[in-house]
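Printed here is run_9.cif (mmCIF, C-alpha atoms):
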```cif
data_start
loop_
_atom_site.label_atom_id
_atom_site.label_comp_id
_atom_site.auth_asym_id
_atom_site.auth_seq_id
_atom_site.Cartn_x
_atom_site.Cartn_y
_atom_site.Cartn_z
CA MET A 1 -28.74 25.49 -10.76
CA THR A 2 -28.47 28.81 -12.58
CA ALA A 3 -28.02 32.22 -10.98
CA ALA A 4 -31.56 33.14 -12.04
CA ALA A 5 -32.91 30.06 -10.29
CA ALA A 6 -30.84 30.88 -7.23
CA THR A 7 -32.24 34.41 -7.20
CA GLN A 8 -35.78 33.05 -7.45
CA ALA A 9 -35.11 30.59 -4.63
CA VAL A 10 -33.93 33.44 -2.42
CA ARG A 11 -37.08 35.41 -3.25
CA ASN A 12 -39.36 32.47 -2.66
CA GLY A 13 -37.88 31.87 0.76
CA PRO A 14 -37.74 28.58 2.64
CA PRO A 15 -40.52 26.00 2.49
CA ARG A 16 -43.20 26.60 5.11
CA THR A 17 -45.07 23.31 5.02
CA ARG A 18 -45.89 21.50 8.23
CA ASP A 19 -43.73 18.49 7.33
CA PHE A 20 -40.69 20.59 6.51
CA ARG A 21 -41.06 22.49 9.79
CA LEU A 22 -41.13 19.18 11.65
CA LEU A 23 -38.00 17.99 9.82
CA TRP A 24 -36.25 21.29 10.52
CA ILE A 25 -37.17 21.29 14.22
CA GLY A 26 -36.13 17.67 14.67
CA GLU A 27 -32.85 18.03 12.82
CA THR A 28 -31.93 21.34 14.45
CA THR A 29 -32.57 19.85 17.88
CA SER A 30 -30.57 16.75 16.99
CA MET A 31 -27.71 18.86 15.66
CA LEU A 32 -27.75 20.92 18.84
CA GLY A 33 -27.33 17.71 20.82
CA SER A 34 -24.55 16.55 18.50
CA ALA A 35 -22.79 19.91 18.86
CA VAL A 36 -22.98 19.55 22.63
CA ALA A 37 -21.63 16.00 22.41
CA GLY A 38 -18.88 17.10 20.03
CA VAL A 39 -17.40 19.09 22.92
CA ALA A 40 -18.67 16.89 25.76
CA LEU A 41 -17.16 13.61 24.54
CA PRO A 42 -13.58 14.97 24.29
CA LEU A 43 -14.07 16.72 27.64
CA VAL A 44 -15.19 13.42 29.21
CA ALA A 45 -12.07 11.79 27.77
CA VAL A 46 -9.70 14.60 28.83
CA VAL A 47 -11.20 15.66 32.17
CA THR A 48 -12.93 12.53 33.48
CA LEU A 49 -10.81 9.71 32.02
CA ARG A 50 -7.51 11.68 31.81
CA ALA A 51 -6.98 10.58 28.21
CA GLY A 52 -4.00 11.74 26.16
CA THR A 53 -3.90 13.57 22.83
CA PHE A 54 -3.80 10.37 20.78
CA ALA A 55 -6.82 8.92 22.59
CA VAL A 56 -8.82 12.10 21.93
CA GLY A 57 -7.89 11.97 18.25
CA LEU A 58 -8.86 8.29 18.18
CA LEU A 59 -12.26 9.13 19.69
CA THR A 60 -12.90 11.65 16.93
CA ALA A 61 -11.78 9.17 14.30
CA ALA A 62 -14.06 6.44 15.67
CA ALA A 63 -17.18 8.50 15.03
CA TRP A 64 -16.35 8.74 11.32
CA LEU A 65 -14.77 5.32 10.76
CA PRO A 66 -18.14 3.73 9.77
CA TRP A 67 -18.10 5.67 6.51
CA LEU A 68 -15.12 3.55 5.50
CA LEU A 69 -16.58 0.33 6.89
CA VAL A 70 -20.21 0.45 5.72
CA GLY A 71 -20.54 3.59 3.60
CA LEU A 72 -20.66 1.90 0.17
CA PRO A 73 -23.10 -0.92 0.96
CA ALA A 74 -25.22 1.50 2.99
CA GLY A 75 -25.86 3.54 -0.14
CA ALA A 76 -27.20 0.51 -2.00
CA TRP A 77 -29.37 -0.52 0.95
CA VAL A 78 -30.79 2.98 1.37
CA ASP A 79 -31.70 3.11 -2.34
CA ARG A 80 -33.81 -0.03 -1.77
CA LEU A 81 -35.64 1.25 1.31
CA PRO A 82 -38.17 3.96 2.15
CA LYS A 83 -36.20 6.78 3.69
CA ARG A 84 -38.26 7.98 6.66
CA PRO A 85 -38.31 4.60 8.49
CA VAL A 86 -34.53 4.37 8.02
CA MET A 87 -34.13 7.82 9.57
CA LEU A 88 -36.40 6.86 12.48
CA ALA A 89 -34.44 3.68 13.20
CA CYS A 90 -31.10 5.50 13.08
CA ASN A 91 -32.18 8.24 15.50
CA THR A 92 -33.58 5.62 17.89
CA VAL A 93 -30.29 3.70 17.90
CA SER A 94 -28.32 6.91 18.45
CA MET A 95 -30.56 7.89 21.36
CA ALA A 96 -29.98 4.54 23.06
CA VAL A 97 -26.22 4.35 22.54
CA PHE A 98 -25.46 7.86 23.78
CA ALA A 99 -27.79 7.45 26.76
CA SER A 100 -25.61 4.52 27.83
CA VAL A 101 -22.61 6.82 28.40
CA PRO A 102 -24.00 8.86 31.33
CA VAL A 103 -25.57 5.71 32.78
CA ALA A 104 -22.14 4.04 32.79
CA ALA A 105 -20.49 7.16 34.20
CA TRP A 106 -22.96 7.45 37.08
CA SER A 107 -22.50 3.75 37.76
CA GLY A 108 -18.73 4.21 37.96
CA VAL A 109 -17.95 1.83 35.07
CA LEU A 110 -17.31 4.24 32.18
CA THR A 111 -14.13 3.49 30.23
CA MET A 112 -12.42 4.81 27.12
CA THR A 113 -13.46 1.61 25.34
CA HIS A 114 -17.11 2.40 26.10
CA LEU A 115 -16.71 5.89 24.62
CA LEU A 116 -15.09 4.47 21.49
CA VAL A 117 -17.82 1.85 21.00
CA ALA A 118 -20.53 4.47 21.49
CA ALA A 119 -18.84 6.71 18.92
CA ILE A 120 -18.61 3.87 16.38
CA VAL A 121 -22.21 2.66 16.81
CA GLY A 122 -23.48 6.23 16.67
CA GLY A 123 -21.36 6.72 13.56
CA VAL A 124 -22.94 3.71 11.81
CA ALA A 125 -26.40 5.13 12.54
CA LYS A 126 -25.25 8.50 11.20
CA VAL A 127 -24.10 6.92 7.92
CA PHE A 128 -27.51 5.45 7.19
CA PHE A 129 -29.35 8.52 8.43
CA ASN A 130 -27.39 10.99 6.31
CA LEU A 131 -27.83 8.96 3.13
CA ALA A 132 -31.58 8.59 3.70
CA TYR A 133 -31.98 12.21 4.78
CA ARG A 134 -30.37 13.67 1.67
CA ALA A 135 -32.49 11.48 -0.60
CA TYR A 136 -35.68 12.26 1.35
CA LEU A 137 -35.39 16.07 1.22
CA PRO A 138 -36.19 16.49 -2.51
CA ALA A 139 -39.34 14.38 -2.04
CA LEU A 140 -40.34 16.54 0.91
CA VAL A 141 -39.86 20.05 -0.52
CA GLY A 142 -39.72 19.70 -4.30
CA ASP A 143 -36.87 20.52 -6.66
CA GLU A 144 -37.53 24.25 -6.88
CA ARG A 145 -37.22 24.71 -3.10
CA LEU A 146 -34.04 22.72 -2.54
CA LEU A 147 -31.66 25.66 -2.21
CA ALA A 148 -33.98 27.44 0.22
CA ALA A 149 -34.53 24.22 2.19
CA ASN A 150 -30.82 23.43 2.37
CA THR A 151 -30.15 27.02 3.43
CA ARG A 152 -32.64 26.84 6.27
CA LEU A 153 -31.49 23.41 7.42
CA GLN A 154 -27.85 24.48 7.29
CA GLY A 155 -28.77 27.66 9.13
CA GLY A 156 -30.35 25.57 11.87
CA GLU A 157 -27.25 23.40 12.01
CA SER A 158 -25.03 26.47 12.22
CA ALA A 159 -27.17 27.91 15.01
CA ALA A 160 -26.78 24.58 16.81
CA GLN A 161 -23.02 24.76 16.31
CA VAL A 162 -23.07 28.18 17.94
CA ALA A 163 -25.24 27.23 20.90
CA GLY A 164 -23.94 23.67 21.36
CA PRO A 165 -20.38 24.31 22.53
CA GLY A 166 -21.50 27.03 24.95
CA LEU A 167 -24.20 24.74 26.33
CA ALA A 168 -21.68 21.92 26.60
CA GLY A 169 -19.35 24.16 28.57
CA LEU A 170 -22.14 25.26 30.93
CA LEU A 171 -23.31 21.68 31.46
CA ALA A 172 -19.74 20.50 32.06
CA GLN A 173 -19.12 23.34 34.51
CA GLY A 174 -22.33 22.76 36.43
CA PHE A 175 -23.09 19.04 36.16
CA GLY A 176 -19.99 17.38 34.75
CA ALA A 177 -18.91 16.74 31.15
CA VAL A 178 -20.99 13.57 30.86
CA SER A 179 -24.23 15.57 31.17
CA GLY A 180 -23.63 16.91 27.66
CA VAL A 181 -23.77 13.37 26.28
CA LEU A 182 -27.14 12.90 27.99
CA ALA A 183 -28.37 16.07 26.29
CA ASP A 184 -27.36 14.54 22.96
CA ALA A 185 -29.40 11.40 23.68
CA LEU A 186 -32.45 13.49 24.57
CA SER A 187 -32.10 15.50 21.36
CA PHE A 188 -32.33 12.32 19.30
CA GLY A 189 -35.57 11.54 21.13
CA VAL A 190 -37.02 14.87 19.99
CA ALA A 191 -35.93 14.10 16.41
CA VAL A 192 -37.71 10.72 16.56
CA LEU A 193 -40.96 12.36 17.66
CA CYS A 194 -40.76 14.93 14.87
CA LEU A 195 -40.04 12.33 12.20
CA ARG A 196 -42.93 10.15 13.35
CA SER A 197 -45.27 13.12 12.83
CA ILE A 198 -44.21 13.76 9.21
CA ARG A 199 -46.85 12.66 6.71
CA THR A 200 -44.95 12.99 3.42
CA ARG A 201 -43.89 9.69 1.86
CA GLU A 202 -41.64 9.08 -1.11
CA THR A 203 -43.20 7.56 -4.20
CA CYS A 204 -41.78 4.86 -6.45
CA ARG A 205 -41.76 5.13 -10.23
CA ASP A 206 -45.15 3.49 -10.50
CA GLY A 207 -46.67 6.15 -8.26
CA THR A 208 -47.12 3.93 -5.20
CA ALA A 209 -46.03 5.02 -1.77
CA GLY A 210 -42.48 4.19 -0.79
CA GLU A 211 -43.35 3.00 2.72
CA PRO A 212 -45.24 -0.17 3.65
CA ARG A 213 -48.89 0.17 4.64
CA ARG A 214 -49.85 -0.44 8.24
CA GLY A 215 -50.31 -4.09 8.94
CA GLY A 216 -48.35 -5.11 5.86
CA GLY A 217 -45.04 -6.83 5.90
CA GLY A 218 -43.41 -4.12 3.80
CA ASN A 219 -42.53 -6.55 1.02
CA GLU A 220 -45.65 -6.67 -1.13
CA PRO A 221 -45.01 -6.94 -4.88
CA ARG A 222 -45.50 -3.80 -6.95
CA ARG A 223 -47.07 -3.57 -10.37
CA ASP A 224 -43.66 -3.45 -11.97
CA GLY A 225 -42.67 -6.64 -10.14
CA THR A 226 -40.30 -5.06 -7.65
CA ALA A 227 -40.44 -5.42 -3.90
CA SER A 228 -41.89 -2.55 -1.89
CA GLY A 229 -38.49 -1.43 -0.74
CA ALA A 230 -36.99 -1.43 -4.23
CA TYR A 231 -36.26 1.75 -6.12
CA GLY A 232 -35.18 2.11 -9.73
CA GLY A 233 -36.75 -0.99 -11.30
CA GLY A 234 -35.51 -4.32 -9.99
CA THR A 235 -32.89 -3.00 -7.59
CA ALA A 236 -33.82 -5.56 -4.94
CA ARG A 237 -32.93 -8.43 -7.26
CA ARG A 238 -29.52 -7.16 -8.27
CA ARG A 239 -26.37 -8.13 -6.52
CA LEU A 240 -25.19 -5.68 -3.89
CA ARG A 241 -21.73 -5.54 -5.44
CA ALA A 242 -23.17 -4.53 -8.81
CA GLU A 243 -25.26 -1.80 -7.20
CA ILE A 244 -22.23 -0.39 -5.41
CA ARG A 245 -20.30 -0.49 -8.67
CA ASP A 246 -23.03 1.59 -10.37
CA GLY A 247 -22.55 4.41 -7.89
CA LEU A 248 -18.76 4.29 -8.03
CA ARG A 249 -18.75 4.23 -11.82
CA PHE A 250 -20.97 7.30 -11.98
CA VAL A 251 -18.75 9.28 -9.61
CA VAL A 252 -15.47 8.26 -11.22
CA GLY A 253 -16.80 9.02 -14.69
CA ASP A 254 -18.25 12.42 -13.84
CA PRO A 255 -15.65 15.24 -13.83
CA TYR A 256 -17.59 17.49 -11.44
CA LEU A 257 -18.34 14.86 -8.80
CA ARG A 258 -14.84 13.41 -9.13
CA THR A 259 -13.21 16.80 -8.51
CA LEU A 260 -15.47 17.67 -5.57
CA THR A 261 -14.89 14.25 -4.00
CA VAL A 262 -11.09 14.46 -4.16
CA PHE A 263 -11.12 18.03 -2.85
CA SER A 264 -13.49 17.18 0.00
CA ALA A 265 -11.36 14.22 1.07
CA LEU A 266 -8.20 16.33 1.28
CA SER A 267 -10.07 19.14 3.00
CA ASN A 268 -11.63 16.80 5.56
CA ILE A 269 -8.26 15.32 6.48
CA ALA A 270 -7.00 18.82 7.18
CA LEU A 271 -10.11 20.05 8.98
CA MET A 272 -10.45 17.00 11.20
CA GLY A 273 -6.74 16.88 11.96
CA TYR A 274 -7.16 20.48 13.10
CA GLN A 275 -10.44 20.07 14.97
CA SER A 276 -9.67 16.76 16.67
CA ILE A 277 -7.08 18.39 18.90
CA GLN A 278 -8.58 21.85 19.29
CA VAL A 279 -10.02 21.05 22.74
CA VAL A 280 -6.56 19.90 23.84
CA PHE A 281 -5.05 23.11 22.38
CA LEU A 282 -7.57 25.32 24.14
CA THR A 283 -7.33 23.62 27.54
CA ARG A 284 -3.62 22.81 27.72
CA ASP A 285 -1.88 25.33 25.46
CA LEU A 286 -4.11 28.35 26.02
CA GLY A 287 -5.24 27.43 29.56
CA ALA A 288 -8.98 27.73 28.89
CA GLN A 289 -11.48 26.36 31.41
CA PRO A 290 -14.41 24.15 30.23
CA GLY A 291 -16.79 27.12 30.22
CA GLN A 292 -14.34 29.18 28.17
CA VAL A 293 -13.84 26.30 25.72
CA GLY A 294 -17.59 26.19 25.12
CA LEU A 295 -17.82 29.97 24.69
CA VAL A 296 -14.89 30.16 22.26
CA LEU A 297 -16.20 27.30 20.12
CA ALA A 298 -19.68 28.84 20.16
CA LEU A 299 -18.36 32.20 18.93
CA ALA A 300 -16.27 30.46 16.29
CA GLY A 301 -19.30 28.49 15.16
CA ALA A 302 -21.30 31.68 14.66
CA GLY A 303 -19.50 32.05 11.34
CA GLY A 304 -21.66 29.22 10.04
CA LEU A 305 -24.77 31.33 10.64
CA LEU A 306 -23.30 34.07 8.48
CA GLY A 307 -22.40 31.58 5.76
CA ALA A 308 -25.89 30.09 5.77
CA ALA A 309 -27.48 33.53 5.56
CA LEU A 310 -25.29 34.57 2.63
CA ALA A 311 -25.25 31.35 0.56
CA GLY A 312 -28.30 32.20 -1.54
CA ARG A 313 -27.14 35.76 -2.14
CA ILE A 314 -23.66 34.60 -3.10
CA ALA A 315 -25.17 32.17 -5.62
CA ALA A 316 -27.38 34.91 -7.08
CA ARG A 317 -24.55 37.44 -7.27
CA PHE A 318 -21.63 35.32 -8.48
CA GLY A 319 -23.23 32.08 -9.68
CA THR A 320 -23.36 28.76 -7.86
CA ALA A 321 -20.03 27.32 -9.05
CA ARG A 322 -18.08 30.57 -8.84
CA GLY A 323 -19.64 31.36 -5.47
CA PHE A 324 -18.54 27.95 -4.20
CA LEU A 325 -14.95 28.61 -5.28
CA LEU A 326 -14.96 32.05 -3.66
CA CYS A 327 -16.25 30.63 -0.38
CA GLU A 328 -13.55 27.95 -0.25
CA ALA A 329 -10.83 30.43 -1.22
CA PHE A 330 -11.92 32.63 1.68
CA ALA A 331 -12.23 29.84 4.25
CA ALA A 332 -8.89 28.08 3.73
CA PRO A 333 -6.44 30.84 4.78
CA MET A 334 -8.53 31.74 7.82
CA LEU A 335 -7.41 28.57 9.59
CA LEU A 336 -3.85 29.91 9.69
CA LEU A 337 -4.97 32.33 12.41
CA GLY A 338 -5.98 29.52 14.81
CA PRO A 339 -2.60 28.54 16.28
CA ALA A 340 -1.11 32.04 15.93
CA GLY A 341 -1.73 33.26 19.49
CA SER A 342 -0.63 32.18 22.94
CA GLY A 343 -1.95 32.51 26.46
CA GLY A 344 -5.33 34.08 27.12
CA THR A 345 -5.05 36.44 24.14
CA GLY A 346 -4.61 33.43 21.86
CA LEU A 347 -8.35 32.80 22.18
CA VAL A 348 -9.02 35.82 19.95
CA PRO A 349 -7.24 34.66 16.76
CA PHE A 350 -8.52 31.11 17.36
CA THR A 351 -12.09 32.42 17.47
CA ALA A 352 -11.57 34.57 14.37
CA ALA A 353 -10.16 31.58 12.49
CA GLY A 354 -13.15 29.42 13.34
CA PHE A 355 -15.62 32.18 12.49
CA GLY A 356 -14.15 32.93 9.07
CA ALA A 357 -13.54 29.33 8.08
CA GLY A 358 -17.01 28.31 9.25
CA ALA A 359 -18.69 31.05 7.22
CA GLY A 360 -16.97 30.00 4.00
CA ILE A 361 -17.36 26.25 4.50
CA VAL A 362 -21.05 26.36 5.45
CA ALA A 363 -21.94 28.54 2.46
CA SER A 364 -20.00 26.26 0.10
CA ASN A 365 -21.63 23.16 1.61
CA ILE A 366 -25.09 24.55 0.92
CA LEU A 367 -24.20 25.19 -2.72
CA THR A 368 -22.66 21.77 -3.31
CA SER A 369 -25.43 19.90 -1.47
CA THR A 370 -28.04 21.55 -3.65
CA PHE A 371 -25.96 20.82 -6.75
CA ARG A 372 -25.77 17.10 -5.96
CA GLN A 373 -29.47 16.81 -5.16
CA ARG A 374 -30.37 18.38 -8.50
CA TYR A 375 -27.65 16.80 -10.59
CA CYS A 376 -27.63 13.13 -9.54
CA PRO A 377 -30.27 10.70 -10.90
CA ALA A 378 -32.81 9.96 -8.17
CA GLU A 379 -32.61 6.19 -8.60
CA LEU A 380 -28.85 6.29 -8.02
CA PHE A 381 -28.76 9.04 -5.44
CA GLY A 382 -28.06 6.88 -2.39
CA ARG A 383 -25.26 4.97 -4.11
CA ILE A 384 -23.70 8.12 -5.59
CA THR A 385 -23.83 9.85 -2.22
CA ALA A 386 -22.38 6.79 -0.50
CA SER A 387 -19.56 6.61 -3.05
CA THR A 388 -18.56 10.24 -2.54
CA SER A 389 -19.15 10.15 1.21
CA ALA A 390 -17.14 6.96 1.72
CA LEU A 391 -14.07 8.87 0.54
CA ASN A 392 -15.04 12.30 1.89
CA TYR A 393 -16.12 11.17 5.34
CA GLY A 394 -13.78 8.19 5.30
CA ALA A 395 -10.95 10.72 5.24
CA ILE A 396 -12.19 12.19 8.53
CA PRO A 397 -10.99 9.33 10.80
CA LEU A 398 -7.65 9.51 8.99
CA GLY A 399 -7.51 13.20 9.82
CA GLY A 400 -8.48 12.53 13.43
CA LEU A 401 -5.81 9.87 13.82
CA LEU A 402 -3.27 12.05 12.04
CA GLY A 403 -4.05 14.93 14.37
CA GLY A 404 -3.60 12.70 17.41
CA VAL A 405 -0.36 11.12 16.20
CA LEU A 406 1.21 14.38 15.06
CA GLY A 407 0.01 16.11 18.21
CA GLU A 408 2.01 13.63 20.27
CA ALA A 409 5.04 13.79 17.93
CA VAL A 410 5.43 17.48 17.00
CA GLY A 411 3.08 19.20 19.43
CA VAL A 412 -0.48 20.41 19.19
CA ARG A 413 0.33 23.88 17.87
CA GLY A 414 2.66 22.58 15.16
CA THR A 415 0.04 20.07 14.05
CA MET A 416 -2.59 22.79 13.72
CA TRP A 417 -0.22 24.86 11.56
CA LEU A 418 0.39 21.85 9.34
CA MET A 419 -3.32 21.00 8.95
CA ALA A 420 -4.12 24.63 8.09
CA ALA A 421 -1.46 24.53 5.36
CA VAL A 422 -2.92 21.30 3.92
CA GLN A 423 -6.37 22.92 3.80
CA LEU A 424 -4.92 25.85 1.86
CA LEU A 425 -3.16 23.54 -0.60
CA SER A 426 -6.35 21.55 -1.23
CA ILE A 427 -7.75 24.54 -3.17
CA ILE A 428 -5.35 23.61 -5.99
CA VAL A 429 -7.55 20.58 -6.76
CA LEU A 430 -10.48 22.91 -7.46
CA LEU A 431 -8.43 25.29 -9.57
CA LEU A 432 -7.20 22.43 -11.76
CA GLY A 433 -10.68 20.92 -12.20
CA PRO A 434 -13.59 21.70 -14.55
CA LEU A 435 -15.35 24.11 -12.15
CA ARG A 436 -12.96 27.04 -12.52
CA PRO A 437 -14.37 28.48 -15.79
CA LEU A 438 -18.03 27.93 -14.81
CA ARG A 439 -20.39 30.51 -13.39
CA ASP A 440 -23.04 27.96 -12.34
CA PHE A 441 -23.07 24.26 -11.55
CA PRO A 442 -24.73 22.11 -14.24
CA THR A 443 -28.20 20.84 -13.38
CA ARG A 444 -27.99 17.44 -15.06
CA PRO A 445 -25.23 15.06 -16.19
CA PRO A 446 -24.10 15.33 -19.80
CA THR A 447 -25.86 12.97 -22.19
CA PRO A 448 -23.42 10.33 -23.47
CA SER A 449 -22.77 10.70 -27.18
CA ARG A 450 -23.87 7.79 -29.34
CA PRO A 451 -21.24 5.94 -31.35
#
```
Just dump the structure as structure tokens.
Amino acid sequence: MTAAAATQAVRNGPPRTRDFRLLWIGETTSMLGSAVAGVALPLVAVVTLRAGTFAVGLLTAAAWLPWLLVGLPAGAWVDRLPKRPVMLACNTVSMAVFASVPVAAWSGVLTMTHLLVAAIVGGVAKVFFNLAYRAYLPALVGDERLLAANTRLQGGESAAQVAGPGLAGLLAQGFGAVSGVLADALSFGVAVLCLRSIRTRETCRDGTAGEPRRGGGGNEPRRDGTASGAYGGGTARRRLRAEIRDGLRFVVGDPYLRTLTVFSALSNIALMGYQSIQVVFLTRDLGAQPGQVGLVLALAGAGGLLGAALAGRIAARFGTARGFLLCEAFAAPMLLLGPAGSGGTGLVPFTAAGFGAGAGIVASNILTSTFRQRYCPAELFGRITASTSALNYGAIPLGGLLGGVLGEAVGVRGTMWLMAAVQLLSIIVLLLGPLRPLRDFPTRPPTPSRP
């Protein structure tokens, strides 16, 4: 996407169609619930179940482990299927699994194993949802509105990240930590209702709708001979392993995607190692109460709102690729402020660290998400996204486990210093890659030269 296109996208503003509003409302509500649960689940483990630092890190890791377990085949399956029904099924599963946590708690049978299983099952649903969601958005808003759509969706997510921790703290203070998990389950119910009301359907290459007609079995043959769930001409008949290999080959062979994937994996290890123990740091090292934890994390998350608001302007002013590099270069050193303070006053540098890092990371995420949606071939999008995400998000449980293990071995504060340093060093990957001399991200892969 060029700077001129970015400028035009900013001027055009976000899509205002009914279907996009429904998607935005549903996803923002769901993200609010997830932000509440992101604080509530560790609080349940720490306060209710008296779990240690390693167990809290393990809980964080469990939510992201499915990207390693099913990420690659999920991409191939999502490419075969209509996206909206996949999203509906995933949100329904998430609603049910997180609702089971407060039910178990009120029945007096909640255990750490239950929390871990809920996190894993919810993580599997999230894998399939995210892959389908990213592929569905271009069909919903059109190519020219992608940056504006991503900006608005990311803005909603950032607003949820601001409100979620504060709400989690209030719920924990007033009704117990487990009430935040119930709020997460209810938010998935709202997302299901919104998705069911969306009318836009993807279309296959032959122009037919990508979802089965009512009363049909969803497997009627198309005019090109493919099954109704098949995308890209005969995908349903190809071996799953070959389909996965197509996505991996594309990512490994593309210098831009390869660089972004390696950088994101290193960055996610550092960020999750840092974030997985931040509730422990706030409650035990800085002495914060549950309400204060929610408030501090909410204020820190407000940086994401600023990043979402500025992403389009940064792209127009500096270019999409250069703006991305500037955002990451700003975000990385901010994390060094997090463990700098002690006692009650230590909440101030921790909040500043989260605010600054969140602003830079959210803005850069908007730019790279839009780049991938424009750059990757539509028929391979699910597999390409799964290939990059399997490494990117697969690094998150490693970071969570690393945070827990190091937190027990060298202390929570020392671990946060170390993770912040790793995040800063990860910028070297970007500086050594092909993005450094570019002003804008390319909009399509290079055409292979003929022999």
Inset, instruction - May I have the residues within 8 Å of segment 309-311 of chain A as an NGL selection string, using all atoms listed in the file and disregarding those fewer than 6 positions away in the same chain? - result: :A and (151 or 155 or 363-364 or 366-367)
Generate the output file for the selected residues, C-alpha atoms, as a PDB file, in the frame of the given file.
```pdb
ATOM      1  CA  THR A 151     -30.150  27.020   3.430  1.00  0.00           C
ATOM      2  CA  GLY A 155     -28.770  27.660   9.130  1.00  0.00           C
ATOM      3  CA  ALA A 363     -21.940  28.540   2.460  1.00  0.00           C
ATOM      4  CA  SER A 364     -20.000  26.260   0.100  1.00  0.00           C
ATOM      5  CA  ILE A 366     -25.090  24.550   0.920  1.00  0.00           C
ATOM      6  CA  LEU A 367     -24.200  25.190  -2.720  1.00  0.00           C
TER       7      LEU A 367
END
```
Legend entry - Output check: residues returned by the PyMOL selection byres ((chain A and resi 396-400) around 9), as a PyMOL selection string: chain A and resi 54+56-65+68+265+268-277+391-395+401-405+419
Reference answer for the PyMOL selection byres ((chain A and resi 22-32) around 6), as an mmCIF file with C-alpha atoms, in the frame of the given file:
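Wrote part23.cif, looks like this:
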```cif
data_model
loop_
_atom_site.group_PDB
_atom_site.id
_atom_site.type_symbol
_atom_site.label_atom_id
_atom_site.label_comp_id
_atom_site.auth_asym_id
_atom_site.auth_seq_id
_atom_site.Cartn_x
_atom_site.Cartn_y
_atom_site.Cartn_z
ATOM 1 C CA ASP A 19 -43.730 18.490 7.330
ATOM 2 C CA PHE A 20 -40.690 20.590 6.510
ATOM 3 C CA ARG A 21 -41.060 22.490 9.790
ATOM 4 C CA GLY A 33 -27.330 17.710 20.820
ATOM 5 C CA SER A 34 -24.550 16.550 18.500
ATOM 6 C CA ALA A 35 -22.790 19.910 18.860
ATOM 7 C CA GLY A 156 -30.350 25.570 11.870
ATOM 8 C CA GLU A 157 -27.250 23.400 12.010
ATOM 9 C CA ALA A 160 -26.780 24.580 16.810
ATOM 10 C CA GLY A 164 -23.940 23.670 21.360
ATOM 11 C CA SER A 187 -32.100 15.500 21.360
ATOM 12 C CA PHE A 188 -32.330 12.320 19.300
ATOM 13 C CA ALA A 191 -35.930 14.100 16.410
ATOM 14 C CA CYS A 194 -40.760 14.930 14.870
#
```
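Shortest separation to Arg322 of chain A among A:Pro446, A:Gly382, A:Pro434, A:Pro339 occurs at residue A:Pro434, atoms counted being only C-alpha atoms.
One distance worth recording is that between atom CA of Ala45 of chain A and atom CA of Gly166 of chain A, which is 18.1 Å.
When atom CA of Pro377 of chain A is paired with atom CA of Tyr136 of chain A, their separation reads 13.5 Å.
In this model, the gap between atom CA of Gln173 of chain A and atom CA of Leu299 of chain A comes to 17.9 Å.
Here the question is which of A:Thr53, A:Ile198, A:Pro82, A:Arg383 gets nearest to Arg245 of chain A using only C-alpha atoms, and that residue is A:Arg383.
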Once the PyMOL selection byres ((chain A and resi 305) around 9) is applied to the coordinates I shared, what remains selected? I want it as a JSON list (two decimals) with C-alpha atoms, in the coordinates of the input.
```json
[["chain", "number", "residue", "atom", "x", "y", "z"],
["A", 154, "GLN", "CA", -27.85, 24.48, 7.29],
["A", 155, "GLY", "CA", -28.77, 27.66, 9.13],
["A", 156, "GLY", "CA", -30.35, 25.57, 11.87],
["A", 157, "GLU", "CA", -27.25, 23.40, 12.01],
["A", 158, "SER", "CA", -25.03, 26.47, 12.22],
["A", 159, "ALA", "CA", -27.17, 27.91, 15.01],
["A", 161, "GLN", "CA", -23.02, 24.76, 16.31],
["A", 162, "VAL", "CA", -23.07, 28.18, 17.94],
["A", 301, "GLY", "CA", -19.30, 28.49, 15.16],
["A", 302, "ALA", "CA", -21.30, 31.68, 14.66],
["A", 303, "GLY", "CA", -19.50, 32.05, 11.34],
["A", 304, "GLY", "CA", -21.66, 29.22, 10.04],
["A", 306, "LEU", "CA", -23.30, 34.07, 8.48],
["A", 307, "GLY", "CA", -22.40, 31.58, 5.76],
["A", 308, "ALA", "CA", -25.89, 30.09, 5.77],
["A", 309, "ALA", "CA", -27.48, 33.53, 5.56],
["A", 310, "LEU", "CA", -25.29, 34.57, 2.63],
["A", 358, "GLY", "CA", -17.01, 28.31, 9.25],
["A", 359, "ALA", "CA", -18.69, 31.05, 7.22],
["A", 362, "VAL", "CA", -21.05, 26.36, 5.45]]
```
Legend entry - Polymer residues at most 9 Å from segment 113-130 of chain A, only C-alpha atoms, same-chain spacing of 6 or more positions, as a PyMOL selection string: chain A and resi 41+44-45+58-67+69-71+74-75+77-78+83+86-95+97-98+100-101+104+386+389
Inset, instruction - For Val47 of chain A, please output as a VMD selection string all residues within 12 Å (counting only C-alpha atoms; exclusion window: fewer than 6 positions along the same chain). - result: chain A and resid 39 to 41 56 172 to 173 176 to 178 279 to 280 283 to 284 289 to 290
Determine, using all atoms listed in the file, which residues of segment 229-338 of chain A have any atom at most 10 Å from an atom of segment 346-349 of chain A, and tabulate each with its shortest atom pair and distance in Å to one decimal place, rows ordered by chain and then rising number, as a Markdown table.
```
| residue | atom | partner | partner_atom | distance |
| --- | --- | --- | --- | --- |
| A:Leu282 | CA | A:Leu347 | CA | 7.8 |
| A:Asp285 | CA | A:Gly346 | CA | 9.3 |
| A:Leu286 | CA | A:Gly346 | CA | 6.6 |
| A:Gly287 | CA | A:Leu347 | CA | 9.6 |
| A:Ala288 | CA | A:Leu347 | CA | 8.4 |
| A:Gln292 | CA | A:Leu347 | CA | 9.2 |
| A:Val293 | CA | A:Leu347 | CA | 9.2 |
| A:Val296 | CA | A:Leu347 | CA | 7.1 |
| A:Leu297 | CA | A:Leu347 | CA | 9.8 |
| A:Ala300 | CA | A:Val348 | CA | 9.7 |
| A:Met334 | CA | A:Pro349 | CA | 9.5 |
| A:Leu335 | CA | A:Pro349 | CA | 9.4 |
| A:Leu336 | CA | A:Pro349 | CA | 9.2 |
| A:Leu337 | CA | A:Pro349 | CA | 5.4 |
| A:Gly338 | CA | A:Pro349 | CA | 5.6 |
```
